[in-house]
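**Q** After the structure tokens below, expect a handful of questions from me.
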Amino acid sequence: MSNPTPLLVPFQKLIDFPFYPRIPVISLELTSHCNLKCPYCANPTLTRPKTYIEWALFEKIVDECAEHKLNLGWLHGVGEPLLWKRLEEAVALIKRKNAGAGSFATNGTLLRRDRVQRLVDAGLDSIYVSIDTLDPEIYKNTRGGKLEKVIRNIQEMIAIVPKTFRIKVALMDHKDHRITEETITQFHQVFGHHENLSTNLVENVLFPSAPGDYRVNSGQKLANCFAPANYLFVALDGRASICCQDQDVLHSLGNVGERSIREVWFDPANQTTFRNVALGVDACPDTCTKKCVLAMPRQDIETVRLGVGVPFQEAARFGDILLMNNQLEMALPIVHDLVLRDPENVPIRKVLEDIRRHMQPKILPH
């Protein structure tokens, strides 16, 4: 059976509704300094100043997240958060005001026992350590540090944190490194088996300002991109970038120090850009097409799928009507698009899973 034909609506050059109806998890950069020089990160070639966030800006963002129940989930950007001496104070403020998860990713080189204890005392309850490989030679060539030191830091952290403290260690597939079953076996041999420890297997992605393209499929271009829906990256100067991969803020959505996060995110010009990038049509930022993975946008567009061409709730209501009439094939593309527009929407995701389950083994859209 062929894929269901999606319902179409006229394409609008500018939209006056939120394409992405939810502000995603916020990743706030505390410092642009780093003690490593990874070639697939923008830090070695960063064009903006290397410094630290102003405390007044940090407090403003925390207060707004607390007031509007936004998730200030991450405290990292292009730098190493542990280089900021006020990190513990920052974590404590976020936790005290219930402004989000307040966790961060680190390269682990500075995760000394005393620092870990201070962070736990401040309220930190999870951490993401990116080591990328368990091969000392590859680690040295790509990260420029000593892997054994980082491994020792992680092992000591496992031993002292509470059992409820979640530790995630990232391993990465890239052009010079592949994750295999032996890699996972080695991971558990090195770190053991613990309920609060997990590994995150990631594939290298392109960062537009990075010195090198370390993707497994280097040079590959995509017809569309929904990356902005996953995270809102805010640089330490308050500028929000189009997505978390734009580490040098080559395309700024606006400054959250001068406007509210909600004003920046829901600005009609930004929402139109999000829509265009998601469809790969009309006017898209050069950052996406010339520096990143988006192919040159199509210009001969007259209609778009209903699920991406009308306000979220309007599309959801139309999908509901189709589902009530058991028209699963027509509803599927709409619900699929709504999940892409709001990946944190649990009820919509469940509806998509239910449709797919009922339609198996029919061919589904990708």
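If you're wondering about the labels, chains in the structure tokens are A, B, ... by order shown, residues count from 1 in each chain, ligands from 1 in order shown.
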For region 28-30 of chain A, find every residue with an atom within 7 Å (counting only C-alpha atoms), except residues of its own chain fewer than 2 positions away, and show them as number ranges by chain.
**A** A: 26, 52-53, 74-77, 81, 233-236
**Q** Give the answer as one residue: which of A:Ile321, A:Leu201, A:Val281, A:Val190 has the shortest atom-to-atom distance to Val304 (chain A), using only C-alpha atoms?
**A**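 Looking at the shortest contact to Val304 (chain A), the residue is A:Val281.
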**Q** Using DSSP on the backbone coordinates, identify all residues within region 284-337 of chain A classified as strand (DSSP E or B); present the result as a list in words.
**A**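 For region 284-337 of chain A, the strand (DSSP E or B) set is Leu294, Arg298, Thr303, Val304 and Arg305 of chain A.
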**Q** Contacts of Leu72 (chain A) at 9 Å or less, counting only C-alpha atoms, minus same-chain residues fewer than 2 places along, as an mmCIF file with N, CA and C atoms, in the first residue's frame?
**A**
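Result file follows (out.cif):
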data_model
loop_
_atom_site.group_PDB
_atom_site.id
_atom_site.type_symbol
_atom_site.label_atom_id
_atom_site.label_comp_id
_atom_site.auth_asym_id
_atom_site.auth_seq_id
_atom_site.Cartn_x
_atom_site.Cartn_y
_atom_site.Cartn_z
ATOM 1 N N VAL A 25 13.080 23.083 25.650
ATOM 2 C CA VAL A 25 14.059 23.136 26.740
ATOM 3 C C VAL A 25 15.132 24.159 26.390
ATOM 4 N N ILE A 26 15.484 24.992 27.362
ATOM 5 C CA ILE A 26 16.458 26.061 27.129
ATOM 6 C C ILE A 26 17.849 25.609 27.556
ATOM 7 N N SER A 27 18.812 25.860 26.679
ATOM 8 C CA SER A 27 20.219 25.617 27.000
ATOM 9 C C SER A 27 20.899 26.969 27.074
ATOM 10 N N LEU A 28 21.308 27.364 28.273
ATOM 11 C CA LEU A 28 21.892 28.677 28.514
ATOM 12 C C LEU A 28 23.396 28.559 28.706
ATOM 13 N N ILE A 61 16.851 35.582 33.281
ATOM 14 C CA ILE A 61 16.397 34.389 32.566
ATOM 15 C C ILE A 61 15.800 33.371 33.533
ATOM 16 N N VAL A 62 16.437 33.181 34.683
ATOM 17 C CA VAL A 62 15.917 32.260 35.696
ATOM 18 C C VAL A 62 14.538 32.708 36.164
ATOM 19 N N CYS A 65 11.918 32.048 33.494
ATOM 20 C CA CYS A 65 11.627 30.615 33.390
ATOM 21 C C CYS A 65 10.749 30.159 34.555
ATOM 22 N N ALA A 66 11.032 30.670 35.742
ATOM 23 C CA ALA A 66 10.230 30.310 36.912
ATOM 24 C C ALA A 66 8.802 30.824 36.776
ATOM 25 N N LEU A 70 8.983 27.673 32.195
ATOM 26 C CA LEU A 70 9.859 27.208 31.130
ATOM 27 C C LEU A 70 10.938 26.337 31.748
ATOM 28 N N TRP A 74 19.460 23.146 30.680
ATOM 29 C CA TRP A 74 20.894 22.958 30.504
ATOM 30 C C TRP A 74 21.663 24.256 30.696
ATOM 31 N N LEU A 75 22.844 24.139 31.256
ATOM 32 C CA LEU A 75 23.687 25.299 31.534
ATOM 33 C C LEU A 75 25.010 25.167 30.783
ATOM 34 N N ILE A 94 18.443 28.089 40.385
ATOM 35 C CA ILE A 94 17.464 27.449 39.512
ATOM 36 C C ILE A 94 16.597 26.468 40.296
ATOM 37 N N ALA A 99 12.982 26.635 38.323
ATOM 38 C CA ALA A 99 13.057 27.205 36.982
ATOM 39 C C ALA A 99 13.478 26.190 35.932
ATOM 40 N N GLY A 100 13.622 24.924 36.313
ATOM 41 C CA GLY A 100 14.012 23.906 35.339
ATOM 42 C C GLY A 100 14.948 22.886 35.933
ATOM 43 N N ALA A 101 15.457 22.009 35.080
ATOM 44 C CA ALA A 101 16.334 20.925 35.537
ATOM 45 C C ALA A 101 17.684 21.445 36.003
ATOM 46 N N GLY A 102 18.194 22.497 35.340
ATOM 47 C CA GLY A 102 19.450 23.104 35.773
ATOM 48 C C GLY A 102 20.634 22.169 35.718
ATOM 49 N N SER A 103 20.657 21.258 34.766
ATOM 50 C CA SER A 103 21.788 20.350 34.624
ATOM 51 C C SER A 103 22.757 20.921 33.592
#
**Q** What separation in Å, quoted to one decimal, exists between CA of Ala210 (chain A) and CA of Ala283 (chain A)?
**A**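 Between CA of Ala210 (chain A) and CA of Ala283 (chain A) the gap works out to 24.1 Å.
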**Q** Using CA of Phe312 (chain A) and CA of Tyr20 (chain A) as the two end points, give the distance in Å to one decimal.
**A** 8.0 Å
**Q** Might you pull out every residue within 7 Å of region 332-335 of chain A, with only C-alpha atoms counted and same-chain residues fewer than 3 positions away left off, and present them as a PyMOL selection string?
**A** chain A and resi 6+306-307+315+319+328-329+338-339+348+352+355
**Q** I need the chosen residues saved as a short mmCIF file (atom, residue, chain, number, x, y, z; two decimals), in the first residue's frame, with N, CA and C atoms.
**A**
data_model
loop_
_atom_site.label_atom_id
_atom_site.label_comp_id
_atom_site.auth_asym_id
_atom_site.auth_seq_id
_atom_site.Cartn_x
_atom_site.Cartn_y
_atom_site.Cartn_z
N PRO A 6 -1.23 13.48 1.85
CA PRO A 6 -1.60 14.45 2.88
C PRO A 6 -2.56 15.50 2.35
N LEU A 306 -1.38 20.10 5.48
CA LEU A 306 -2.23 20.77 6.46
C LEU A 306 -1.57 20.79 7.84
N GLY A 307 -0.88 19.72 8.20
CA GLY A 307 -0.28 19.63 9.53
C GLY A 307 0.81 20.64 9.80
N ALA A 315 -5.04 22.31 13.23
CA ALA A 315 -4.66 21.03 12.62
C ALA A 315 -5.04 19.87 13.52
N GLY A 319 -7.46 16.72 12.68
CA GLY A 319 -7.03 15.34 12.87
C GLY A 319 -7.99 14.56 13.74
N LEU A 328 -7.93 6.81 9.33
CA LEU A 328 -6.57 6.80 9.87
C LEU A 328 -5.53 7.26 8.85
N GLU A 329 -5.71 6.85 7.60
CA GLU A 329 -4.72 7.19 6.59
C GLU A 329 -4.64 8.70 6.36
N LEU A 338 2.31 17.19 13.54
CA LEU A 338 2.12 17.85 14.83
C LEU A 338 3.17 17.38 15.85
N VAL A 339 3.55 16.12 15.78
CA VAL A 339 4.61 15.63 16.67
C VAL A 339 5.93 16.32 16.36
N ILE A 348 -0.19 13.89 21.94
CA ILE A 348 -0.11 13.81 20.48
C ILE A 348 0.80 12.66 20.06
N LEU A 352 -0.15 9.32 17.72
CA LEU A 352 0.63 8.85 16.57
C LEU A 352 1.00 7.38 16.73
N ILE A 355 -2.08 5.24 16.04
CA ILE A 355 -2.40 5.15 14.61
C ILE A 355 -1.45 4.17 13.93
#
**Q** Kindly indicate which residue among A:Ser218, A:Thr5, A:Gln12, A:Ser130 lies nearest to Thr273 (chain A), using only C-alpha atoms for the distances.
**A**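 Nearest to Thr273 (chain A): A:Gln12.
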**Q** Please determine, counting only C-alpha atoms, which residue among A:Leu322, A:Met330, A:Val310, A:Ile261 has the shortest atom-to-atom distance to Leu7 (chain A).
**A** A:Met330
**Q** Excluding Lys140 (chain A) and residues on its chain fewer than 3 positions from it, collect all residues at most 12 Å away from it, counting only C-alpha atoms, and give them as JSON, numbers by chain.
**A** {"A": [36, 37, 38, 39, 131, 132, 133, 134, 135, 136, 137, 143, 144, 145, 146, 147, 148, 149, 150]}
**Q** Could you list, as a VMD selection string, every residue within 12 Å of Asp248 (chain A), counting only C-alpha atoms and ignoring same-chain residues fewer than 3 positions away?
**A** chain A and resid 29 32 41 to 50 77 to 79 207 to 210 233 to 237 239 to 245 251 to 252 287 291
**Q** For those residues, write N, CA and C atoms to a file as a CSV table (one decimal), in the first residue's frame.
**A**
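Okay, part.csv is ready:
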chain,number,residue,atom,x,y,z
A,29,GLU,N,24.1,29.3,27.9
A,29,GLU,CA,25.6,29.3,28.0
A,29,GLU,C,26.1,30.1,29.1
A,32,SER,N,32.1,30.8,27.5
A,32,SER,CA,32.5,30.4,26.2
A,32,SER,C,34.0,30.0,26.2
A,41,CYS,N,33.6,21.0,17.4
A,41,CYS,CA,32.9,22.0,18.2
A,41,CYS,C,33.3,23.4,17.6
A,42,ALA,N,32.5,24.4,17.8
A,42,ALA,CA,32.7,25.7,17.3
A,42,ALA,C,33.7,26.5,18.2
A,43,ASN,N,34.0,26.0,19.4
A,43,ASN,CA,34.9,26.8,20.3
A,43,ASN,C,36.2,27.2,19.7
A,44,PRO,N,36.9,26.2,19.0
A,44,PRO,CA,38.3,26.6,18.6
A,44,PRO,C,38.3,27.8,17.5
A,45,THR,N,37.2,28.0,16.8
A,45,THR,CA,37.1,29.0,15.8
A,45,THR,C,36.0,30.1,16.1
A,46,LEU,N,35.7,30.2,17.4
A,46,LEU,CA,34.6,31.1,17.8
A,46,LEU,C,35.0,32.5,17.5
A,47,THR,N,34.0,33.3,16.9
A,47,THR,CA,34.3,34.6,16.5
A,47,THR,C,33.8,35.6,17.6
A,48,ARG,N,32.9,35.2,18.4
A,48,ARG,CA,32.5,36.1,19.5
A,48,ARG,C,33.4,36.0,20.7
A,49,PRO,N,33.4,37.0,21.6
A,49,PRO,CA,34.4,37.1,22.7
A,49,PRO,C,34.2,35.9,23.6
A,50,LYS,N,35.3,35.4,24.2
A,50,LYS,CA,35.3,34.3,25.2
A,50,LYS,C,35.3,34.9,26.6
A,77,GLY,N,27.0,25.7,26.6
A,77,GLY,CA,26.9,26.1,25.3
A,77,GLY,C,28.2,25.7,24.6
A,78,VAL,N,29.0,26.6,24.2
A,78,VAL,CA,30.2,26.3,23.5
A,78,VAL,C,31.4,26.2,24.4
A,79,GLY,N,31.2,26.4,25.7
A,79,GLY,CA,32.3,26.3,26.7
A,79,GLY,C,32.1,25.2,27.7
A,207,PHE,N,28.2,21.2,13.3
A,207,PHE,CA,28.1,22.6,14.0
A,207,PHE,C,28.6,23.6,12.9
A,208,PRO,N,27.8,24.5,12.5
A,208,PRO,CA,28.2,25.4,11.4
A,208,PRO,C,29.5,26.1,11.5
A,209,SER,N,30.0,26.4,12.7
A,209,SER,CA,31.2,27.1,12.9
A,209,SER,C,32.4,26.2,13.3
A,210,ALA,N,32.2,24.9,13.3
A,210,ALA,CA,33.2,24.0,13.8
A,210,ALA,C,34.3,23.9,12.7
A,233,PHE,N,18.8,27.5,22.2
A,233,PHE,CA,20.1,27.9,22.7
A,233,PHE,C,20.3,29.4,22.9
A,234,VAL,N,20.7,29.8,24.1
A,234,VAL,CA,20.9,31.2,24.4
A,234,VAL,C,22.3,31.4,24.8
A,235,ALA,N,23.0,32.2,24.0
A,235,ALA,CA,24.4,32.5,24.3
A,235,ALA,C,24.6,33.4,25.5
A,236,LEU,N,25.8,33.5,26.0
A,236,LEU,CA,26.0,34.2,27.3
A,236,LEU,C,25.7,35.7,27.2
A,237,ASP,N,25.7,36.2,26.0
A,237,ASP,CA,25.3,37.7,25.8
A,237,ASP,C,23.8,37.9,25.6
A,239,ARG,N,21.8,36.5,23.3
A,239,ARG,CA,21.3,36.3,22.0
A,239,ARG,C,20.8,34.8,21.8
A,240,ALA,N,19.6,34.6,21.3
A,240,ALA,CA,19.1,33.3,21.1
A,240,ALA,C,19.4,32.9,19.6
A,241,SER,N,20.0,31.7,19.4
A,241,SER,CA,20.3,31.3,18.1
A,241,SER,C,19.2,30.4,17.5
A,242,ILE,N,19.2,30.2,16.2
A,242,ILE,CA,18.1,29.5,15.5
A,242,ILE,C,18.0,28.0,16.0
A,243,CYS,N,19.1,27.4,16.4
A,243,CYS,CA,19.1,26.1,17.0
A,243,CYS,C,20.4,25.9,17.8
A,244,CYS,N,20.4,24.8,18.6
A,244,CYS,CA,21.6,24.6,19.5
A,244,CYS,C,22.9,24.3,18.7
A,245,GLN,N,22.8,23.9,17.4
A,245,GLN,CA,24.0,23.7,16.6
A,245,GLN,C,24.6,25.0,16.2
A,251,HIS,N,23.0,33.1,13.2
A,251,HIS,CA,21.6,33.6,12.9
A,251,HIS,C,20.9,33.8,14.3
A,252,SER,N,20.8,35.0,14.7
A,252,SER,CA,20.1,35.3,16.0
A,252,SER,C,18.6,35.6,15.8
A,287,THR,N,22.9,30.6,7.4
A,287,THR,CA,23.5,29.7,8.4
A,287,THR,C,23.0,28.3,8.2
A,291,LYS,N,26.1,27.0,5.7
A,291,LYS,CA,27.0,26.6,6.8
A,291,LYS,C,26.6,25.3,7.4
**Q** Using only C-alpha atoms, which of A:Arg113, A:Leu8, A:Gln271, A:Leu82 sits nearest Thr303 (chain A)?
**A**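 Among the listed residues, A:Leu8 lies closest to Thr303 (chain A).
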**Q** Considering only C-alpha atoms, can you say which of A:Ile301, A:Ile23, A:Ala92, A:Val169 comes closest to Leu232 (chain A)?
**A**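 Closest to Leu232 (chain A) of all the choices is A:Ile23.
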**Q** As a VMD selection string, please: every residue in region 6-186 of chain A that a backbone DSSP assignment puts in alpha helix (DSSP H).
**A** chain A and resid 55 to 68 87 to 97 113 to 122 136 to 143 147 to 160 181 to 186
